[in-house]
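Participant: query.tsv is reproduced in full below (TSV, C-alpha atoms).
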chain	number	residue	atom	x	y	z
C	466	MET	CA	0.00	0.00	0.00
C	467	LYS	CA	2.76	2.46	0.93
C	468	ASP	CA	5.07	1.83	-1.97
C	469	MET	CA	3.47	2.37	-5.35
C	470	SER	CA	6.75	3.07	-7.14
C	471	GLY	CA	6.53	-0.27	-8.94
C	472	HIS	CA	3.21	0.70	-10.50
C	473	LEU	CA	2.58	2.39	-13.78
C	474	LEU	CA	-0.21	4.93	-13.59
C	475	ARG	CA	-2.01	5.57	-16.87
C	476	PRO	CA	-5.48	6.36	-18.19
C	477	CYS	CA	-7.49	3.17	-18.65
C	478	LYS	CA	-8.64	1.96	-22.09
C	479	SER	CA	-11.90	3.89	-21.97
C	480	THR	CA	-10.17	7.00	-20.48
C	481	ALA	CA	-12.85	7.10	-17.81
C	482	ALA	CA	-10.41	6.42	-14.96
C	483	PHE	CA	-6.75	6.02	-14.08
C	484	GLU	CA	-5.33	2.56	-13.86
C	485	ALA	CA	-2.27	1.60	-11.80
C	486	LEU	CA	-0.62	-1.52	-13.20
C	487	PRO	CA	2.25	-3.35	-11.51
C	488	GLN	CA	5.42	-3.17	-13.59
C	489	GLN	CA	6.46	-6.52	-14.97
C	490	GLY	CA	8.92	-8.37	-12.78
C	491	LYS	CA	8.55	-5.95	-9.87
C	492	TYR	CA	5.73	-7.65	-8.01
C	493	HIS	CA	4.54	-11.22	-8.09
C	494	ALA	CA	2.47	-11.46	-4.95
C	495	GLN	CA	-1.18	-10.58	-4.88
C	496	LEU	CA	-2.55	-7.57	-3.06
C	497	ASP	CA	-3.71	-8.10	0.51
C	498	LEU	CA	-7.23	-6.80	0.02
C	499	ALA	CA	-8.24	-7.19	3.69
C	500	ASN	CA	-5.35	-4.96	4.71
C	501	CYS	CA	-6.15	-2.41	1.99
C	502	GLN	CA	-9.75	-2.33	3.18
C	503	LYS	CA	-8.66	-1.78	6.79
C	504	VAL	CA	-6.24	1.05	5.93
C	505	LEU	CA	-8.75	2.81	3.68
C	506	ALA	CA	-11.52	2.50	6.28
C	507	GLU	CA	-9.21	4.23	8.78
C	508	LEU	CA	-8.74	7.01	6.22
C	509	GLY	CA	-12.51	7.49	6.07
C	510	TYR	CA	-13.23	5.53	2.90
C	511	GLN	CA	-16.60	3.83	2.67
C	512	GLU	CA	-16.95	0.26	1.39
C	513	ILE	CA	-19.13	0.03	-1.72
C	514	ALA	CA	-18.55	-3.62	-2.63
C	515	ASP	CA	-16.43	-6.54	-1.54
C	516	ALA	CA	-16.23	-9.18	-4.24
C	517	LYS	CA	-13.41	-11.20	-2.64
C	518	VAL	CA	-11.16	-10.68	-5.68
C	519	MET	CA	-11.88	-6.97	-5.71
C	520	ILE	CA	-12.93	-4.21	-3.33
C	521	VAL	CA	-14.57	-0.91	-4.19
C	522	MET	CA	-14.07	1.96	-1.73
C	523	LYS	CA	-15.28	5.53	-2.01
C	524	LYS	CA	-14.56	8.87	-0.38
C	525	LYS	CA	-13.72	11.72	-2.74
C	526	LEU	CA	-12.09	9.25	-5.05
C	527	LYS	CA	-13.61	5.94	-6.06
C	528	LEU	CA	-10.95	3.25	-5.69
C	529	GLN	CA	-11.16	-0.27	-7.05
C	530	PHE	CA	-8.48	-2.66	-5.81
C	531	ILE	CA	-8.13	-5.89	-7.75
C	532	ARG	CA	-6.28	-8.75	-6.08
C	533	ALA	CA	-3.99	-9.17	-9.09
C	534	GLN	CA	-2.55	-5.77	-8.11
C	535	ASN	CA	-4.44	-3.55	-10.52
C	536	LEU	CA	-5.88	-0.40	-9.07
C	537	PHE	CA	-8.50	1.89	-10.60
C	538	LEU	CA	-8.83	5.48	-9.44
C	539	LYS	CA	-11.84	7.46	-10.44
C	540	GLN	CA	-13.16	10.84	-9.43
C	541	THR	CA	-16.65	10.71	-7.97
C	542	PRO	CA	-19.36	12.90	-9.56
C	543	GLU	CA	-19.44	14.96	-6.31
C	544	MET	CA	-15.75	15.72	-6.66
C	545	LEU	CA	-16.18	16.75	-10.29
C	546	LEU	CA	-19.14	18.98	-9.36
C	547	SER	CA	-17.13	20.69	-6.62
C	548	ARG	CA	-14.54	21.66	-9.24
C	549	LEU	CA	-17.06	23.35	-11.50
A	1221	MET	CA	-84.41	-51.45	-66.99
A	1222	LYS	CA	-87.20	-48.93	-66.47
A	1223	ARG	CA	-86.97	-49.43	-62.72
A	1224	ILE	CA	-83.25	-48.84	-62.80
A	1225	ASN	CA	-83.66	-45.68	-64.91
A	1226	ASN	CA	-86.33	-44.39	-62.52
A	1227	ASN	CA	-84.01	-45.01	-59.56
A	1228	ILE	CA	-81.22	-43.06	-61.25
A	1229	LEU	CA	-83.58	-40.17	-62.04
A	1230	ASN	CA	-84.84	-40.12	-58.45
A	1231	LYS	CA	-81.29	-40.03	-57.14
A	1232	ARG	CA	-80.39	-37.14	-59.44
A	1233	LYS	CA	-83.50	-35.22	-58.32
A	1234	SER	CA	-82.65	-35.72	-54.66
A	1235	ASN	CA	-79.05	-34.57	-55.27
A	1236	LYS	CA	-80.33	-31.42	-57.03
A	1237	LEU	CA	-82.66	-30.70	-54.15
A	1238	LYS	CA	-79.82	-31.11	-51.65
A	1239	SER	CA	-77.56	-28.74	-53.59
A	1240	ASN	CA	-80.38	-26.17	-53.84
A	1241	LYS	CA	-80.94	-26.38	-50.08
A	1242	LEU	CA	-77.23	-25.84	-49.45
A	1243	LYS	CA	-77.22	-22.83	-51.80
A	1244	SER	CA	-80.23	-21.30	-50.07
A	1245	ASN	CA	-78.56	-21.88	-46.68
A	1246	LYS	CA	-75.46	-20.11	-47.94
A	1247	HIS	CA	-77.56	-17.14	-48.99
A	1248	ARG	CA	-79.34	-17.12	-45.65
A	1249	SER	CA	-76.04	-17.19	-43.78
A	1250	ASN	CA	-74.86	-14.18	-45.72
A	1251	LYS	CA	-77.91	-12.17	-44.76
A	1252	PRO	CA	-77.06	-11.23	-41.11
A	1253	LYS	CA	-73.94	-9.41	-42.26
A	1254	SER	CA	-73.52	-7.08	-39.33
A	1255	ASN	CA	-72.92	-9.78	-36.66
A	1256	LYS	CA	-70.61	-11.81	-38.86
A	1257	ALA	CA	-68.66	-8.72	-39.86
A	1258	LYS	CA	-68.25	-7.77	-36.22
A	1259	LEU	CA	-66.92	-11.22	-35.42
A	1260	ASN	CA	-64.53	-11.07	-38.35
A	1261	LYS	CA	-63.31	-7.65	-37.24
A	1262	THR	CA	-62.60	-8.81	-33.72
A	1263	LYS	CA	-60.77	-11.83	-35.14
A	1264	LEU	CA	-58.74	-9.51	-37.34
A	1265	ASN	CA	-57.91	-7.22	-34.44
A	1266	LYS	CA	-56.80	-10.19	-32.38
A	1267	ALA	CA	-54.66	-11.43	-35.22
A	1268	GLN	CA	-53.14	-7.99	-35.67
A	1269	SER	CA	-52.37	-7.68	-31.98
A	1270	ASN	CA	-50.82	-11.14	-32.04
A	1271	LYS	CA	-48.79	-10.07	-35.02
A	1272	SER	CA	-47.51	-6.99	-33.22
A	1273	LYS	CA	-46.63	-9.09	-30.19
A	1274	SER	CA	-44.87	-11.71	-32.28
A	1275	ASN	CA	-42.91	-8.90	-33.88
A	1276	ARG	CA	-41.35	-7.93	-30.57
A	1277	LEU	CA	-37.77	-8.69	-29.58
A	1278	ILE	CA	-35.66	-7.95	-26.52
A	1279	SER	CA	-32.30	-6.46	-27.40
A	1280	LEU	CA	-29.43	-6.79	-24.95
A	1281	ILE	CA	-27.78	-3.40	-25.20
A	1282	SER	CA	-24.57	-2.08	-23.65
A	1283	GLY	CA	-22.79	1.20	-24.10
A	1284	GLY	CA	-20.47	-0.36	-26.67
A	1285	ILE	CA	-20.35	-0.17	-30.47
A	1286	ASP	CA	-21.90	-3.51	-31.47
A	1287	SER	CA	-25.19	-3.81	-29.60
A	1288	PRO	CA	-26.69	-0.48	-30.79
A	1289	VAL	CA	-25.87	-1.53	-34.37
A	1290	ALA	CA	-27.57	-4.91	-33.89
A	1291	THR	CA	-30.61	-3.17	-32.38
A	1292	HIS	CA	-30.77	-0.70	-35.26
A	1293	LEU	CA	-30.57	-3.47	-37.86
A	1294	MET	CA	-33.52	-5.25	-36.31
A	1295	LEU	CA	-35.53	-2.01	-36.03
A	1296	GLN	CA	-34.74	-1.34	-39.68
A	1297	ARG	CA	-36.21	-4.73	-40.61
A	1298	GLY	CA	-39.49	-3.78	-38.94
A	1299	ALA	CA	-39.13	-5.56	-35.62
A	1300	SER	CA	-40.41	-3.92	-32.47
A	1301	VAL	CA	-37.45	-3.87	-30.09
A	1302	LEU	CA	-37.27	-3.43	-26.32
A	1303	PRO	CA	-33.68	-2.62	-25.32
A	1304	LEU	CA	-32.47	-4.20	-22.09
A	1305	TYR	CA	-29.44	-2.84	-20.26
A	1306	PHE	CA	-27.65	-4.55	-17.37
A	1307	ASP	CA	-26.35	-1.95	-14.96
A	1308	THR	CA	-23.12	-3.41	-13.54
A	1309	ARG	CA	-22.36	-0.69	-11.04
A	1310	PRO	CA	-20.25	-0.50	-8.83
A	1311	PHE	CA	-17.98	-2.42	-11.23
A	1312	THR	CA	-18.55	0.20	-13.93
A	1313	ASP	CA	-19.46	3.85	-13.61
A	1314	GLU	CA	-22.54	5.99	-14.14
A	1315	ASN	CA	-21.22	7.25	-17.50
A	1316	THR	CA	-22.01	3.90	-19.12
A	1317	LYS	CA	-25.67	4.07	-18.10
A	1318	GLU	CA	-25.92	7.63	-19.40
A	1319	LYS	CA	-24.34	6.49	-22.66
A	1320	VAL	CA	-26.96	3.77	-23.07
A	1321	ILE	CA	-29.80	6.22	-22.41
A	1322	THR	CA	-28.33	8.58	-25.06
A	1323	LEU	CA	-27.95	5.68	-27.52
A	1324	VAL	CA	-31.57	4.63	-27.07
A	1325	GLU	CA	-32.72	8.22	-27.55
A	1326	HIS	CA	-30.69	8.36	-30.75
A	1327	LEU	CA	-32.28	5.12	-32.00
A	1328	ARG	CA	-35.72	6.53	-31.14
A	1329	LYS	CA	-35.04	9.58	-33.30
A	1330	LEU	CA	-33.61	7.51	-36.14
A	1331	THR	CA	-36.42	5.02	-36.40
A	1332	GLU	CA	-39.28	7.08	-34.93
A	1333	ALA	CA	-40.21	3.96	-33.00
A	1334	GLU	CA	-41.52	3.87	-29.46
A	1335	ILE	CA	-38.62	2.28	-27.62
A	1336	LYS	CA	-38.77	1.70	-23.87
A	1337	LEU	CA	-35.41	1.05	-22.23
A	1338	HIS	CA	-35.43	-1.55	-19.47
A	1339	ILE	CA	-32.58	-1.34	-16.93
A	1340	ILE	CA	-31.73	-4.28	-14.68
A	1341	PRO	CA	-29.29	-3.87	-11.76
A	1342	HIS	CA	-26.65	-6.58	-12.23
A	1343	GLY	CA	-23.75	-5.53	-9.95
A	1344	GLU	CA	-24.93	-7.63	-7.01
A	1345	ASN	CA	-25.15	-10.74	-9.24
A	1346	GLN	CA	-21.58	-10.16	-10.39
A	1347	ARG	CA	-20.42	-9.75	-6.80
A	1348	LEU	CA	-22.00	-13.08	-5.85
A	1349	PHE	CA	-20.39	-14.86	-8.82
A	1350	ALA	CA	-16.98	-13.38	-7.97
A	1351	ARG	CA	-17.26	-14.40	-4.33
A	1352	ASN	CA	-18.57	-17.92	-4.83
A	1353	CYS	CA	-17.65	-19.26	-8.26
A	1354	ASP	CA	-14.61	-20.04	-10.39
A	1355	ARG	CA	-13.09	-16.78	-11.51
A	1356	HIS	CA	-12.09	-17.95	-15.00
A	1357	ILE	CA	-15.67	-18.59	-16.06
A	1358	GLY	CA	-17.04	-15.45	-14.40
A	1359	CYS	CA	-18.00	-13.86	-17.71
A	1360	ILE	CA	-19.87	-16.96	-18.86
A	1361	LEU	CA	-21.83	-17.16	-15.60
A	1362	CYS	CA	-22.59	-13.45	-15.85
A	1363	ARG	CA	-23.84	-13.78	-19.42
A	1364	ARG	CA	-25.89	-16.89	-18.66
A	1365	MET	CA	-27.59	-14.87	-15.94
A	1366	MET	CA	-28.21	-12.01	-18.40
A	1367	PHE	CA	-29.83	-14.40	-20.90
A	1368	ARG	CA	-32.04	-15.93	-18.19
A	1369	ILE	CA	-33.23	-12.50	-17.07
A	1370	ALA	CA	-33.75	-11.40	-20.69
A	1371	GLU	CA	-35.79	-14.54	-21.39
A	1372	LYS	CA	-38.08	-13.78	-18.42
A	1373	ILE	CA	-38.45	-10.15	-19.50
A	1374	ALA	CA	-39.27	-11.39	-23.02
A	1375	ILE	CA	-42.02	-13.65	-21.70
A	1376	GLN	CA	-43.42	-10.82	-19.57
A	1377	ASN	CA	-43.50	-8.50	-22.59
A	1378	GLN	CA	-44.77	-11.09	-25.09
A	1379	ALA	CA	-41.55	-10.90	-27.06
A	1380	ILE	CA	-40.52	-13.98	-29.00
A	1381	GLY	CA	-36.77	-13.59	-29.20
A	1382	LEU	CA	-33.57	-11.91	-28.06
A	1383	VAL	CA	-31.13	-9.79	-30.05
A	1384	THR	CA	-27.43	-9.55	-29.21
A	1385	GLY	CA	-24.48	-7.75	-30.76
A	1386	GLU	CA	-22.23	-10.82	-30.69
A	1387	SER	CA	-19.60	-11.18	-33.39
A	1388	LEU	CA	-17.87	-14.52	-33.63
A	1389	GLY	CA	-14.49	-14.62	-31.88
A	1390	GLN	CA	-14.38	-10.93	-31.03
A	1391	VAL	CA	-13.86	-11.47	-27.29
A	1392	ALA	CA	-13.44	-14.45	-24.97
A	1393	SER	CA	-17.15	-14.84	-24.34
A	1394	GLN	CA	-17.92	-14.88	-28.07
A	1395	THR	CA	-16.15	-18.06	-29.15
A	1396	LEU	CA	-18.43	-20.72	-30.64
A	1397	GLN	CA	-18.08	-22.99	-27.61
A	1398	ASN	CA	-18.77	-20.18	-25.13
A	1399	ILE	CA	-21.77	-18.95	-27.12
A	1400	TYR	CA	-23.14	-22.50	-26.96
A	1401	VAL	CA	-22.55	-22.76	-23.20
A	1402	GLU	CA	-23.96	-19.29	-22.47
A	1403	THR	CA	-27.20	-19.85	-24.32
A	1404	SER	CA	-27.92	-23.48	-23.56
A	1405	GLY	CA	-31.14	-23.71	-21.60
A	1406	ILE	CA	-32.66	-20.66	-23.25
A	1407	SER	CA	-35.94	-21.61	-24.89
A	1408	ILE	CA	-36.52	-18.58	-27.12
A	1409	PRO	CA	-34.63	-17.76	-30.35
A	1410	ILE	CA	-31.52	-15.60	-30.11
A	1411	ILE	CA	-30.87	-13.39	-33.12
A	1412	ARG	CA	-27.31	-12.25	-33.77
A	1413	PRO	CA	-27.31	-9.87	-36.74
A	1414	LEU	CA	-23.55	-9.18	-36.46
A	1415	ILE	CA	-22.25	-12.72	-35.99
A	1416	GLY	CA	-20.33	-12.84	-39.27
A	1417	LEU	CA	-19.13	-9.24	-39.40
A	1418	ASP	CA	-15.72	-8.04	-38.26
A	1419	LYS	CA	-15.13	-5.01	-36.05
A	1420	ILE	CA	-14.37	-2.62	-38.93
A	1421	GLU	CA	-17.58	-3.53	-40.73
A	1422	ILE	CA	-19.56	-2.99	-37.53
A	1423	GLU	CA	-17.83	0.32	-36.86
A	1424	ASN	CA	-18.67	1.49	-40.38
A	1425	ILE	CA	-22.36	0.80	-39.82
A	1426	ALA	CA	-22.16	2.53	-36.42
A	1427	ARG	CA	-20.63	5.62	-38.08
A	1428	ARG	CA	-23.32	5.59	-40.77
A	1429	ILE	CA	-26.17	5.50	-38.26
A	1430	GLY	CA	-24.45	7.92	-35.87
A	1431	THR	CA	-24.08	5.69	-32.80
A	1432	TYR	CA	-20.28	5.40	-33.04
A	1433	GLU	CA	-19.57	8.85	-31.57
A	1434	ILE	CA	-21.82	8.10	-28.59
A	1435	SER	CA	-20.39	4.61	-28.04
A	1436	ILE	CA	-16.78	5.78	-27.81
A	1437	ARG	CA	-17.47	8.36	-25.11
A	1438	PRO	CA	-15.52	7.66	-21.90
A	1439	GLY	CA	-17.19	5.06	-19.71
A	1440	LEU	CA	-15.51	2.59	-17.41
A	1441	CYS	CA	-15.56	-0.94	-18.80
A	1442	CYS	CA	-16.48	-3.87	-16.55
A	1443	THR	CA	-13.60	-4.05	-14.06
A	1444	ILE	CA	-14.48	-7.43	-12.59
A	1445	VAL	CA	-13.48	-9.24	-15.79
A	1446	PRO	CA	-10.90	-11.95	-14.94
A	1447	LYS	CA	-7.34	-11.55	-16.13
A	1448	LYS	CA	-7.52	-14.86	-18.00
A	1449	PRO	CA	-11.14	-15.55	-19.01
A	1450	SER	CA	-12.00	-19.00	-20.32
A	1451	THR	CA	-12.44	-19.22	-24.10
A	1452	ASN	CA	-13.51	-22.87	-24.12
A	1453	ALA	CA	-15.82	-23.51	-21.18
A	1454	PHE	CA	-17.61	-26.80	-20.64
A	1455	LEU	CA	-21.28	-26.88	-19.85
A	1456	ASP	CA	-21.07	-29.44	-17.05
A	1457	ARG	CA	-18.42	-27.38	-15.25
A	1458	VAL	CA	-20.47	-24.19	-15.64
A	1459	LEU	CA	-23.57	-25.95	-14.30
A	1460	ARG	CA	-21.57	-27.19	-11.30
A	1461	GLU	CA	-20.42	-23.63	-10.58
A	1462	GLU	CA	-23.97	-22.34	-10.88
A	1463	GLU	CA	-25.03	-24.69	-8.10
A	1464	LYS	CA	-22.89	-22.64	-5.69
A	1465	VAL	CA	-25.30	-19.70	-5.95
A	1466	ASP	CA	-29.08	-19.45	-5.92
A	1467	MET	CA	-29.68	-18.54	-9.57
A	1468	THR	CA	-33.49	-18.53	-9.35
A	1469	SER	CA	-33.67	-16.02	-6.52
A	1470	MET	CA	-30.97	-13.88	-8.16
A	1471	VAL	CA	-33.05	-13.71	-11.36
A	1472	GLU	CA	-36.22	-12.87	-9.44
A	1473	LYS	CA	-34.54	-10.17	-7.34
A	1474	SER	CA	-33.03	-8.56	-10.45
A	1475	ILE	CA	-36.34	-8.53	-12.32
A	1476	ALA	CA	-38.11	-7.02	-9.30
A	1477	LYS	CA	-35.75	-4.02	-9.49
A	1478	VAL	CA	-36.27	-3.30	-13.20
A	1479	GLU	CA	-36.33	0.37	-14.16
A	1480	ILE	CA	-38.17	1.44	-17.33
A	1481	ILE	CA	-37.23	4.66	-19.13
Starting from the file, give its structure as structure tokens.

Facilitator:
Amino acid sequence: MKDMSGHLLRPCKSTAAFEALPQQGKYHAQLDLANCQKVLAELGYQEIADAKVMIVMKKKLKLQFIRAQNLFLKQTPEMLLSRL
Amino acid sequence: MKRINNNILNKRKSNKLKSNKLKSNKHRSNKPKSNKAKLNKTKLNKAQSNKSKSNRLISLISGGIDSPVATHLMLQRGASVLPLYFDTRPFTDENTKEKVITLVEHLRKLTEAEIKLHIIPHGENQRLFARNCDRHIGCILCRRMMFRIAEKIAIQNQAIGLVTGESLGQVASQTLQNIYVETSGISIPIIRPLIGLDKIEIENIARRIGTYEISIRPGLCCTIVPKKPSTNAFLDRVLREEEKVDMTSMVEKSIAKVEII
């Protein structure tokens, strides 16, 4: 969770969100989703869905953690509205 | 001889009389025109209403390029189409739903047909599949669920078939074997107008009808798709996985939450 230096952050295929992909050869282990959930809950993130292989958490950002180490970051509509 | 001739003459006379009686009956039956005409009219109306019902199809529509093209092709051929969208939030975003609504509005304008969009919440079903079933066949289970729900919606709306935007071999779920597994157990016909077309041909049609620009707007794709989806699933394995969840109640719960726009 702390070290994301091995991840490549880029817009996802549909350009609707940012996607953090683990760089090849850097990480092999899977993400500890239970730990991610715990840390994010402490930071005030609300759980939207827990699908065992993936968790969806939301505060200002909508975060989707996939066990295979992918991470999606998406601005919530409220956050976009506050910018307007 | 005389007796025989007399018998023949008598028979002929009786036959003539019978035919005259029948003729007169026919004339009599034509006399009360009003009642008969009314009956015929009601029969005609019934037949017409049956025709309009039998003309109805349920189209599985997403915010992508293919399904609006398939829907348009069927509308163009004179079918009455009810688009059905599966809302997979929270595994997608709200942009995709908005895209579908815009696409349906565009199709309404194009064809001047009365099209009612049906939206089914599907995110909870996906969550249950991801939690309980084999991850590699997640897409097949998800699509089998979609077809089951669509079949029920079709029966409710007196539609006689489903329309999909499948194109052979385009993605993992659209291999011949997977198409067979996904649709086995579905009792109504499934029409796939794009099955033999490649992506460029489909995109050209989408550009021509004006859905392409809407389809490529940003919208998060399904994020719960497995990294390595199965391209050659076996029916018995899929059925075994389905036993791990309560499919019937999932279908019923989804249909109960349908939203019509």

Participant: For Lys523 (chain C), list every protein, DNA or RNA residue within 12 Å, evaluated using only C-alpha atoms, and leave out those in the same chain fewer than 3 positions away; present the list as a PDB file with C-alpha atoms, in the coordinates of the input.

Facilitator:
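out_36.pdb, freshly written:
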ATOM      1  CA  GLN C 502      -9.750  -2.330   3.180  1.00  0.00           C
ATOM      2  CA  LEU C 505      -8.750   2.810   3.680  1.00  0.00           C
ATOM      3  CA  ALA C 506     -11.520   2.500   6.280  1.00  0.00           C
ATOM      4  CA  LEU C 508      -8.740   7.010   6.220  1.00  0.00           C
ATOM      5  CA  GLY C 509     -12.510   7.490   6.070  1.00  0.00           C
ATOM      6  CA  TYR C 510     -13.230   5.530   2.900  1.00  0.00           C
ATOM      7  CA  GLN C 511     -16.600   3.830   2.670  1.00  0.00           C
ATOM      8  CA  GLU C 512     -16.950   0.260   1.390  1.00  0.00           C
ATOM      9  CA  ILE C 513     -19.130   0.030  -1.720  1.00  0.00           C
ATOM     10  CA  ALA C 514     -18.550  -3.620  -2.630  1.00  0.00           C
ATOM     11  CA  ILE C 520     -12.930  -4.210  -3.330  1.00  0.00           C
ATOM     12  CA  LEU C 526     -12.090   9.250  -5.050  1.00  0.00           C
ATOM     13  CA  LYS C 527     -13.610   5.940  -6.060  1.00  0.00           C
ATOM     14  CA  LEU C 528     -10.950   3.250  -5.690  1.00  0.00           C
ATOM     15  CA  GLN C 529     -11.160  -0.270  -7.050  1.00  0.00           C
ATOM     16  CA  PHE C 530      -8.480  -2.660  -5.810  1.00  0.00           C
ATOM     17  CA  PHE C 537      -8.500   1.890 -10.600  1.00  0.00           C
ATOM     18  CA  LEU C 538      -8.830   5.480  -9.440  1.00  0.00           C
ATOM     19  CA  LYS C 539     -11.840   7.460 -10.440  1.00  0.00           C
ATOM     20  CA  GLN C 540     -13.160  10.840  -9.430  1.00  0.00           C
ATOM     21  CA  THR C 541     -16.650  10.710  -7.970  1.00  0.00           C
ATOM     22  CA  PRO C 542     -19.360  12.900  -9.560  1.00  0.00           C
ATOM     23  CA  GLU C 543     -19.440  14.960  -6.310  1.00  0.00           C
ATOM     24  CA  MET C 544     -15.750  15.720  -6.660  1.00  0.00           C
TER      25      MET C 544
ATOM     26  CA  PRO A1310     -20.250  -0.500  -8.830  1.00  0.00           C
TER      27      PRO A1310
END

Participant: Which residues of chain A have any atom within 7 Å of an atom in chain C when counting only C-alpha atoms, and what is the closest pair of atoms for each, with the distance in Å to one decimal? Order the rows by chain and rising number and write it as JSON lines.

Facilitator:
{"residue": "A:Arg1347", "atom": "CA", "partner": "C:Ala516", "partner_atom": "CA", "distance": 4.9}
{"residue": "A:Ala1350", "atom": "CA", "partner": "C:Ala516", "partner_atom": "CA", "distance": 5.7}
{"residue": "A:Arg1351", "atom": "CA", "partner": "C:Lys517", "partner_atom": "CA", "distance": 5.3}
{"residue": "A:Pro1438", "atom": "CA", "partner": "C:Ala481", "partner_atom": "CA", "distance": 4.9}
{"residue": "A:Gly1439", "atom": "CA", "partner": "C:Ala481", "partner_atom": "CA", "distance": 5.2}
{"residue": "A:Leu1440", "atom": "CA", "partner": "C:Ala481", "partner_atom": "CA", "distance": 5.3}
{"residue": "A:Cys1441", "atom": "CA", "partner": "C:Ser479", "partner_atom": "CA", "distance": 6.8}

Participant: Using CA of Glu1371 (chain A) and CA of Ser1274 (chain A) as the two end points, give the distance in Å to one decimal.

Facilitator: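 According to the coordinates, CA of Glu1371 (chain A) and CA of Ser1274 (chain A) are separated by 14.5 Å.
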
Participant: Please list as a ChimeraX atom specification every residue within 12 Å of region 1320-1324 of chain A, counting all atoms listed in the file and excluding residues in the same chain fewer than 2 positions away.

Facilitator: /A:1279-1289,1291-1292,1295,1301-1307,1314-1318,1326-1339,1426,1429-1437,1439,1480-1481

Participant: Go ahead and save the residues from that selection, with C-alpha atoms, as a PDB file, in the coordinates of the input.

Facilitator:
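Generated file (part.pdb):
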ATOM      1  CA  SER A1279     -32.300  -6.460 -27.400  1.00  0.00           C
ATOM      2  CA  LEU A1280     -29.430  -6.790 -24.950  1.00  0.00           C
ATOM      3  CA  ILE A1281     -27.780  -3.400 -25.200  1.00  0.00           C
ATOM      4  CA  SER A1282     -24.570  -2.080 -23.650  1.00  0.00           C
ATOM      5  CA  GLY A1283     -22.790   1.200 -24.100  1.00  0.00           C
ATOM      6  CA  GLY A1284     -20.470  -0.360 -26.670  1.00  0.00           C
ATOM      7  CA  ILE A1285     -20.350  -0.170 -30.470  1.00  0.00           C
ATOM      8  CA  ASP A1286     -21.900  -3.510 -31.470  1.00  0.00           C
ATOM      9  CA  SER A1287     -25.190  -3.810 -29.600  1.00  0.00           C
ATOM     10  CA  PRO A1288     -26.690  -0.480 -30.790  1.00  0.00           C
ATOM     11  CA  VAL A1289     -25.870  -1.530 -34.370  1.00  0.00           C
ATOM     12  CA  THR A1291     -30.610  -3.170 -32.380  1.00  0.00           C
ATOM     13  CA  HIS A1292     -30.770  -0.700 -35.260  1.00  0.00           C
ATOM     14  CA  LEU A1295     -35.530  -2.010 -36.030  1.00  0.00           C
ATOM     15  CA  VAL A1301     -37.450  -3.870 -30.090  1.00  0.00           C
ATOM     16  CA  LEU A1302     -37.270  -3.430 -26.320  1.00  0.00           C
ATOM     17  CA  PRO A1303     -33.680  -2.620 -25.320  1.00  0.00           C
ATOM     18  CA  LEU A1304     -32.470  -4.200 -22.090  1.00  0.00           C
ATOM     19  CA  TYR A1305     -29.440  -2.840 -20.260  1.00  0.00           C
ATOM     20  CA  PHE A1306     -27.650  -4.550 -17.370  1.00  0.00           C
ATOM     21  CA  ASP A1307     -26.350  -1.950 -14.960  1.00  0.00           C
ATOM     22  CA  GLU A1314     -22.540   5.990 -14.140  1.00  0.00           C
ATOM     23  CA  ASN A1315     -21.220   7.250 -17.500  1.00  0.00           C
ATOM     24  CA  THR A1316     -22.010   3.900 -19.120  1.00  0.00           C
ATOM     25  CA  LYS A1317     -25.670   4.070 -18.100  1.00  0.00           C
ATOM     26  CA  GLU A1318     -25.920   7.630 -19.400  1.00  0.00           C
ATOM     27  CA  HIS A1326     -30.690   8.360 -30.750  1.00  0.00           C
ATOM     28  CA  LEU A1327     -32.280   5.120 -32.000  1.00  0.00           C
ATOM     29  CA  ARG A1328     -35.720   6.530 -31.140  1.00  0.00           C
ATOM     30  CA  LYS A1329     -35.040   9.580 -33.300  1.00  0.00           C
ATOM     31  CA  LEU A1330     -33.610   7.510 -36.140  1.00  0.00           C
ATOM     32  CA  THR A1331     -36.420   5.020 -36.400  1.00  0.00           C
ATOM     33  CA  GLU A1332     -39.280   7.080 -34.930  1.00  0.00           C
ATOM     34  CA  ALA A1333     -40.210   3.960 -33.000  1.00  0.00           C
ATOM     35  CA  GLU A1334     -41.520   3.870 -29.460  1.00  0.00           C
ATOM     36  CA  ILE A1335     -38.620   2.280 -27.620  1.00  0.00           C
ATOM     37  CA  LYS A1336     -38.770   1.700 -23.870  1.00  0.00           C
ATOM     38  CA  LEU A1337     -35.410   1.050 -22.230  1.00  0.00           C
ATOM     39  CA  HIS A1338     -35.430  -1.550 -19.470  1.00  0.00           C
ATOM     40  CA  ILE A1339     -32.580  -1.340 -16.930  1.00  0.00           C
ATOM     41  CA  ALA A1426     -22.160   2.530 -36.420  1.00  0.00           C
ATOM     42  CA  ILE A1429     -26.170   5.500 -38.260  1.00  0.00           C
ATOM     43  CA  GLY A1430     -24.450   7.920 -35.870  1.00  0.00           C
ATOM     44  CA  THR A1431     -24.080   5.690 -32.800  1.00  0.00           C
ATOM     45  CA  TYR A1432     -20.280   5.400 -33.040  1.00  0.00           C
ATOM     46  CA  GLU A1433     -19.570   8.850 -31.570  1.00  0.00           C
ATOM     47  CA  ILE A1434     -21.820   8.100 -28.590  1.00  0.00           C
ATOM     48  CA  SER A1435     -20.390   4.610 -28.040  1.00  0.00           C
ATOM     49  CA  ILE A1436     -16.780   5.780 -27.810  1.00  0.00           C
ATOM     50  CA  ARG A1437     -17.470   8.360 -25.110  1.00  0.00           C
ATOM     51  CA  GLY A1439     -17.190   5.060 -19.710  1.00  0.00           C
ATOM     52  CA  ILE A1480     -38.170   1.440 -17.330  1.00  0.00           C
ATOM     53  CA  ILE A1481     -37.230   4.660 -19.130  1.00  0.00           C
TER      54      ILE A1481
END
